[in-house]
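Peer 1: The structure that follows is given in the form of structure tokens.
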Amino acid sequence: EVYRDVGNLDAAIADADQAVLEAPEAGWAYYTRHSIHMARGDLSSALADLEKADELAQESGDLRLEAVARMQKALVLQMISASPLPTPTQ
């Protein structure tokens, strides 16, 4: 999160990817990585990480993570639905 806060999103995503690789069962790692995807404007990757965080939260009984992941998923879905569709180039 430090890299994200100073604007080095490439380093931030590399660290987050490593955290997920080292602890694929850690829902909070996916939740953290979603925020970097959001900062990069990658809504589909953010949504995928939130879905995984929610799934892991349910499996582990982490009600707090489950709640925040679902809330963020709703926001991302709303952002995706509000995004204009890409127009074909000629």
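Labeling convention for the structure tokens: chains A, B, ... as they appear, residues from 1 per chain, ligands from 1 in order of appearance.
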So which residues touch range 8-19 of chain A within 12 Å, counting only C-alpha atoms, skipping near sequence neighbours fewer than 3 positions away, as a ChimeraX atom specification?
Peer 2: /A:1-5,22-42,45-46,49
Peer 1: As a PDB file with all heavy atoms, in the first residue's frame, please: the residues near Arg70 in chain A (cut-off 12 Å, only C-alpha atoms, same-chain neighbours under 3 positions excluded).
Peer 2:
```pdb
ATOM      1  N   TYR A  31      -8.080  -8.516  -1.480  1.00  0.00           N
ATOM      2  CA  TYR A  31      -8.775  -7.259  -1.233  1.00  0.00           C
ATOM      3  C   TYR A  31      -7.816  -6.075  -1.418  1.00  0.00           C
ATOM      4  O   TYR A  31      -8.162  -5.071  -2.040  1.00  0.00           O
ATOM      5  CB  TYR A  31      -9.389  -7.239   0.171  1.00  0.00           C
ATOM      6  CG  TYR A  31     -10.194  -5.994   0.402  1.00  0.00           C
ATOM      7  CD1 TYR A  31     -11.505  -5.916  -0.048  1.00  0.00           C
ATOM      8  CD2 TYR A  31      -9.644  -4.890   1.032  1.00  0.00           C
ATOM      9  CE1 TYR A  31     -12.253  -4.761   0.131  1.00  0.00           C
ATOM     10  CE2 TYR A  31     -10.379  -3.736   1.214  1.00  0.00           C
ATOM     11  CZ  TYR A  31     -11.675  -3.674   0.757  1.00  0.00           C
ATOM     12  OH  TYR A  31     -12.409  -2.528   0.930  1.00  0.00           O
ATOM     13  N   LEU A  47     -12.657  -6.358  -9.851  1.00  0.00           N
ATOM     14  CA  LEU A  47     -13.836  -7.158  -9.566  1.00  0.00           C
ATOM     15  C   LEU A  47     -13.466  -8.621  -9.326  1.00  0.00           C
ATOM     16  O   LEU A  47     -13.970  -9.248  -8.386  1.00  0.00           O
ATOM     17  CB  LEU A  47     -14.845  -7.049 -10.713  1.00  0.00           C
ATOM     18  CG  LEU A  47     -16.153  -7.789 -10.535  1.00  0.00           C
ATOM     19  CD1 LEU A  47     -16.890  -7.313  -9.288  1.00  0.00           C
ATOM     20  CD2 LEU A  47     -17.021  -7.634 -11.774  1.00  0.00           C
ATOM     21  N   ALA A  48     -12.568  -9.164 -10.130  1.00  0.00           N
ATOM     22  CA  ALA A  48     -12.140 -10.557  -9.951  1.00  0.00           C
ATOM     23  C   ALA A  48     -11.497 -10.757  -8.577  1.00  0.00           C
ATOM     24  O   ALA A  48     -11.763 -11.757  -7.892  1.00  0.00           O
ATOM     25  CB  ALA A  48     -11.172 -10.961 -11.055  1.00  0.00           C
ATOM     26  N   ASP A  49     -10.659  -9.806  -8.153  1.00  0.00           N
ATOM     27  CA  ASP A  49     -10.031  -9.925  -6.835  1.00  0.00           C
ATOM     28  C   ASP A  49     -11.051  -9.800  -5.713  1.00  0.00           C
ATOM     29  O   ASP A  49     -10.955 -10.496  -4.695  1.00  0.00           O
ATOM     30  CB  ASP A  49      -8.923  -8.883  -6.665  1.00  0.00           C
ATOM     31  CG  ASP A  49      -7.612  -9.320  -7.280  1.00  0.00           C
ATOM     32  OD1 ASP A  49      -7.468 -10.515  -7.640  1.00  0.00           O
ATOM     33  OD2 ASP A  49      -6.700  -8.473  -7.401  1.00  0.00           O
ATOM     34  N   LEU A  50     -12.042  -8.949  -5.887  1.00  0.00           N
ATOM     35  CA  LEU A  50     -13.084  -8.824  -4.866  1.00  0.00           C
ATOM     36  C   LEU A  50     -13.916 -10.093  -4.775  1.00  0.00           C
ATOM     37  O   LEU A  50     -14.297 -10.512  -3.678  1.00  0.00           O
ATOM     38  CB  LEU A  50     -13.970  -7.619  -5.162  1.00  0.00           C
ATOM     39  CG  LEU A  50     -13.309  -6.269  -4.897  1.00  0.00           C
ATOM     40  CD1 LEU A  50     -14.139  -5.152  -5.498  1.00  0.00           C
ATOM     41  CD2 LEU A  50     -13.081  -6.050  -3.407  1.00  0.00           C
ATOM     42  N   GLU A  51     -14.189 -10.704  -5.911  1.00  0.00           N
ATOM     43  CA  GLU A  51     -14.943 -11.961  -5.889  1.00  0.00           C
ATOM     44  C   GLU A  51     -14.157 -13.050  -5.162  1.00  0.00           C
ATOM     45  O   GLU A  51     -14.712 -13.809  -4.372  1.00  0.00           O
ATOM     46  CB  GLU A  51     -15.296 -12.383  -7.311  1.00  0.00           C
ATOM     47  CG  GLU A  51     -16.369 -11.498  -7.912  1.00  0.00           C
ATOM     48  CD  GLU A  51     -16.631 -11.755  -9.383  1.00  0.00           C
ATOM     49  OE1 GLU A  51     -15.809 -12.415 -10.058  1.00  0.00           O
ATOM     50  OE2 GLU A  51     -17.676 -11.281  -9.861  1.00  0.00           O
ATOM     51  N   LYS A  52     -12.842 -13.101  -5.410  1.00  0.00           N
ATOM     52  CA  LYS A  52     -12.005 -14.093  -4.722  1.00  0.00           C
ATOM     53  C   LYS A  52     -11.925 -13.783  -3.224  1.00  0.00           C
ATOM     54  O   LYS A  52     -11.994 -14.689  -2.387  1.00  0.00           O
ATOM     55  CB  LYS A  52     -10.608 -14.123  -5.346  1.00  0.00           C
ATOM     56  CG  LYS A  52      -9.722 -15.197  -4.794  1.00  0.00           C
ATOM     57  CD  LYS A  52     -10.241 -16.584  -5.134  1.00  0.00           C
ATOM     58  CE  LYS A  52      -9.268 -17.653  -4.682  1.00  0.00           C
ATOM     59  NZ  LYS A  52      -9.762 -19.005  -4.969  1.00  0.00           N
ATOM     60  N   ALA A  53     -11.777 -12.523  -2.877  1.00  0.00           N
ATOM     61  CA  ALA A  53     -11.737 -12.141  -1.461  1.00  0.00           C
ATOM     62  C   ALA A  53     -13.030 -12.531  -0.760  1.00  0.00           C
ATOM     63  O   ALA A  53     -13.003 -13.063   0.362  1.00  0.00           O
ATOM     64  CB  ALA A  53     -11.487 -10.634  -1.332  1.00  0.00           C
ATOM     65  N   ASP A  54     -14.159 -12.297  -1.416  1.00  0.00           N
ATOM     66  CA  ASP A  54     -15.459 -12.652  -0.853  1.00  0.00           C
ATOM     67  C   ASP A  54     -15.560 -14.167  -0.669  1.00  0.00           C
ATOM     68  O   ASP A  54     -15.988 -14.649   0.387  1.00  0.00           O
ATOM     69  CB  ASP A  54     -16.572 -12.137  -1.757  1.00  0.00           C
ATOM     70  CG  ASP A  54     -17.964 -12.386  -1.211  1.00  0.00           C
ATOM     71  OD1 ASP A  54     -18.129 -12.559   0.007  1.00  0.00           O
ATOM     72  OD2 ASP A  54     -18.910 -12.412  -2.023  1.00  0.00           O
ATOM     73  N   GLU A  55     -15.151 -14.915  -1.673  1.00  0.00           N
ATOM     74  CA  GLU A  55     -15.184 -16.379  -1.589  1.00  0.00           C
ATOM     75  C   GLU A  55     -14.342 -16.896  -0.426  1.00  0.00           C
ATOM     76  O   GLU A  55     -14.786 -17.733   0.367  1.00  0.00           O
ATOM     77  CB  GLU A  55     -14.660 -16.959  -2.904  1.00  0.00           C
ATOM     78  CG  GLU A  55     -14.498 -18.458  -2.922  1.00  0.00           C
ATOM     79  CD  GLU A  55     -13.771 -18.927  -4.183  1.00  0.00           C
ATOM     80  OE1 GLU A  55     -14.020 -18.373  -5.265  1.00  0.00           O
ATOM     81  OE2 GLU A  55     -12.946 -19.848  -4.060  1.00  0.00           O
ATOM     82  N   ALA A  57     -13.382 -15.217   2.191  1.00  0.00           N
ATOM     83  CA  ALA A  57     -13.959 -14.744   3.448  1.00  0.00           C
ATOM     84  C   ALA A  57     -15.075 -15.671   3.909  1.00  0.00           C
ATOM     85  O   ALA A  57     -15.170 -16.007   5.095  1.00  0.00           O
ATOM     86  CB  ALA A  57     -14.483 -13.319   3.281  1.00  0.00           C
ATOM     87  N   GLN A  58     -15.914 -16.099   2.970  1.00  0.00           N
ATOM     88  CA  GLN A  58     -16.995 -17.017   3.320  1.00  0.00           C
ATOM     89  C   GLN A  58     -16.441 -18.349   3.820  1.00  0.00           C
ATOM     90  O   GLN A  58     -16.934 -18.900   4.800  1.00  0.00           O
ATOM     91  CB  GLN A  58     -17.902 -17.234   2.115  1.00  0.00           C
ATOM     92  CG  GLN A  58     -18.726 -16.015   1.764  1.00  0.00           C
ATOM     93  CD  GLN A  58     -19.563 -16.256   0.524  1.00  0.00           C
ATOM     94  OE1 GLN A  58     -20.235 -17.262   0.413  1.00  0.00           O
ATOM     95  NE2 GLN A  58     -19.503 -15.321  -0.410  1.00  0.00           N
ATOM     96  N   LEU A  63     -16.270 -12.452   8.596  1.00  0.00           N
ATOM     97  CA  LEU A  63     -17.448 -11.643   8.287  1.00  0.00           C
ATOM     98  C   LEU A  63     -17.101 -10.213   7.897  1.00  0.00           C
ATOM     99  O   LEU A  63     -17.764  -9.608   7.051  1.00  0.00           O
ATOM    100  CB  LEU A  63     -18.416 -11.649   9.470  1.00  0.00           C
ATOM    101  CG  LEU A  63     -18.986 -13.015   9.846  1.00  0.00           C
ATOM    102  CD1 LEU A  63     -19.882 -12.896  11.063  1.00  0.00           C
ATOM    103  CD2 LEU A  63     -19.717 -13.647   8.675  1.00  0.00           C
ATOM    104  N   ARG A  64     -16.053  -9.679   8.484  1.00  0.00           N
ATOM    105  CA  ARG A  64     -15.649  -8.303   8.158  1.00  0.00           C
ATOM    106  C   ARG A  64     -15.185  -8.221   6.711  1.00  0.00           C
ATOM    107  O   ARG A  64     -15.615  -7.349   5.958  1.00  0.00           O
ATOM    108  CB  ARG A  64     -14.550  -7.830   9.106  1.00  0.00           C
ATOM    109  CG  ARG A  64     -14.098  -6.421   8.824  1.00  0.00           C
ATOM    110  CD  ARG A  64     -13.146  -5.917   9.906  1.00  0.00           C
ATOM    111  NE  ARG A  64     -12.684  -4.600   9.582  1.00  0.00           N
ATOM    112  CZ  ARG A  64     -11.438  -4.306   9.260  1.00  0.00           C
ATOM    113  NH1 ARG A  64     -10.504  -5.239   9.264  1.00  0.00           N
ATOM    114  NH2 ARG A  64     -11.091  -3.076   8.958  1.00  0.00           N
ATOM    115  N   LEU A  65     -14.301  -9.135   6.305  1.00  0.00           N
ATOM    116  CA  LEU A  65     -13.821  -9.135   4.930  1.00  0.00           C
ATOM    117  C   LEU A  65     -14.974  -9.387   3.963  1.00  0.00           C
ATOM    118  O   LEU A  65     -15.071  -8.737   2.923  1.00  0.00           O
ATOM    119  CB  LEU A  65     -12.721 -10.178   4.728  1.00  0.00           C
ATOM    120  CG  LEU A  65     -12.214 -10.343   3.299  1.00  0.00           C
ATOM    121  CD1 LEU A  65     -11.697  -9.030   2.729  1.00  0.00           C
ATOM    122  CD2 LEU A  65     -11.141 -11.427   3.236  1.00  0.00           C
ATOM    123  N   GLU A  66     -15.840 -10.311   4.308  1.00  0.00           N
ATOM    124  CA  GLU A  66     -16.979 -10.609   3.447  1.00  0.00           C
ATOM    125  C   GLU A  66     -17.825  -9.352   3.226  1.00  0.00           C
ATOM    126  O   GLU A  66     -18.219  -9.040   2.093  1.00  0.00           O
ATOM    127  CB  GLU A  66     -17.826 -11.716   4.057  1.00  0.00           C
ATOM    128  CG  GLU A  66     -18.965 -12.164   3.191  1.00  0.00           C
ATOM    129  CD  GLU A  66     -19.762 -13.298   3.812  1.00  0.00           C
ATOM    130  OE1 GLU A  66     -19.355 -13.877   4.831  1.00  0.00           O
ATOM    131  OE2 GLU A  66     -20.833 -13.602   3.254  1.00  0.00           O
ATOM    132  N   ALA A  67     -18.076  -8.612   4.278  1.00  0.00           N
ATOM    133  CA  ALA A  67     -18.901  -7.405   4.179  1.00  0.00           C
ATOM    134  C   ALA A  67     -18.232  -6.331   3.324  1.00  0.00           C
ATOM    135  O   ALA A  67     -18.870  -5.756   2.436  1.00  0.00           O
ATOM    136  CB  ALA A  67     -19.205  -6.865   5.574  1.00  0.00           C
ATOM    137  N   LYS A  73     -17.576  -4.711  -4.188  1.00  0.00           N
ATOM    138  CA  LYS A  73     -18.042  -5.336  -5.435  1.00  0.00           C
ATOM    139  C   LYS A  73     -19.229  -4.569  -6.000  1.00  0.00           C
ATOM    140  O   LYS A  73     -19.300  -4.332  -7.211  1.00  0.00           O
ATOM    141  CB  LYS A  73     -18.462  -6.796  -5.199  1.00  0.00           C
ATOM    142  CG  LYS A  73     -17.339  -7.765  -5.266  1.00  0.00           C
ATOM    143  CD  LYS A  73     -17.717  -9.229  -5.250  1.00  0.00           C
ATOM    144  CE  LYS A  73     -19.091  -9.639  -4.932  1.00  0.00           C
ATOM    145  NZ  LYS A  73     -19.281 -11.096  -4.837  1.00  0.00           N
ATOM    146  N   ALA A  74     -20.147  -4.188  -5.146  1.00  0.00           N
ATOM    147  CA  ALA A  74     -21.313  -3.427  -5.605  1.00  0.00           C
ATOM    148  C   ALA A  74     -20.884  -2.099  -6.229  1.00  0.00           C
ATOM    149  O   ALA A  74     -21.413  -1.695  -7.271  1.00  0.00           O
ATOM    150  CB  ALA A  74     -22.277  -3.189  -4.443  1.00  0.00           C
ATOM    151  N   LEU A  75     -19.928  -1.431  -5.616  1.00  0.00           N
ATOM    152  CA  LEU A  75     -19.439  -0.163  -6.157  1.00  0.00           C
ATOM    153  C   LEU A  75     -18.754  -0.357  -7.504  1.00  0.00           C
ATOM    154  O   LEU A  75     -18.964   0.419  -8.441  1.00  0.00           O
ATOM    155  CB  LEU A  75     -18.486   0.509  -5.166  1.00  0.00           C
ATOM    156  CG  LEU A  75     -19.113   1.001  -3.870  1.00  0.00           C
ATOM    157  CD1 LEU A  75     -18.042   1.467  -2.903  1.00  0.00           C
ATOM    158  CD2 LEU A  75     -20.102   2.111  -4.148  1.00  0.00           C
ATOM    159  N   VAL A  76     -17.936  -1.401  -7.618  1.00  0.00           N
ATOM    160  CA  VAL A  76     -17.232  -1.661  -8.879  1.00  0.00           C
ATOM    161  C   VAL A  76     -18.234  -2.024  -9.971  1.00  0.00           C
ATOM    162  O   VAL A  76     -18.129  -1.537 -11.108  1.00  0.00           O
ATOM    163  CB  VAL A  76     -16.152  -2.755  -8.706  1.00  0.00           C
ATOM    164  CG1 VAL A  76     -15.570  -3.167 -10.048  1.00  0.00           C
ATOM    165  CG2 VAL A  76     -15.046  -2.272  -7.778  1.00  0.00           C
ATOM    166  N   LEU A  77     -19.211  -2.854  -9.643  1.00  0.00           N
ATOM    167  CA  LEU A  77     -20.232  -3.200 -10.628  1.00  0.00           C
ATOM    168  C   LEU A  77     -20.991  -1.962 -11.095  1.00  0.00           C
ATOM    169  O   LEU A  77     -21.316  -1.825 -12.278  1.00  0.00           O
ATOM    170  CB  LEU A  77     -21.184  -4.247 -10.061  1.00  0.00           C
ATOM    171  CG  LEU A  77     -20.606  -5.656  -9.957  1.00  0.00           C
ATOM    172  CD1 LEU A  77     -21.524  -6.559  -9.136  1.00  0.00           C
ATOM    173  CD2 LEU A  77     -20.374  -6.244 -11.345  1.00  0.00           C
TER     174      LEU A  77
END
```
Peer 1: Write out as a ChimeraX atom specification all residues of chain A that backbone DSSP assigns to helix (DSSP H, G or I).
Peer 2: /A:2-5,9-22,27-40,43-60,63-82
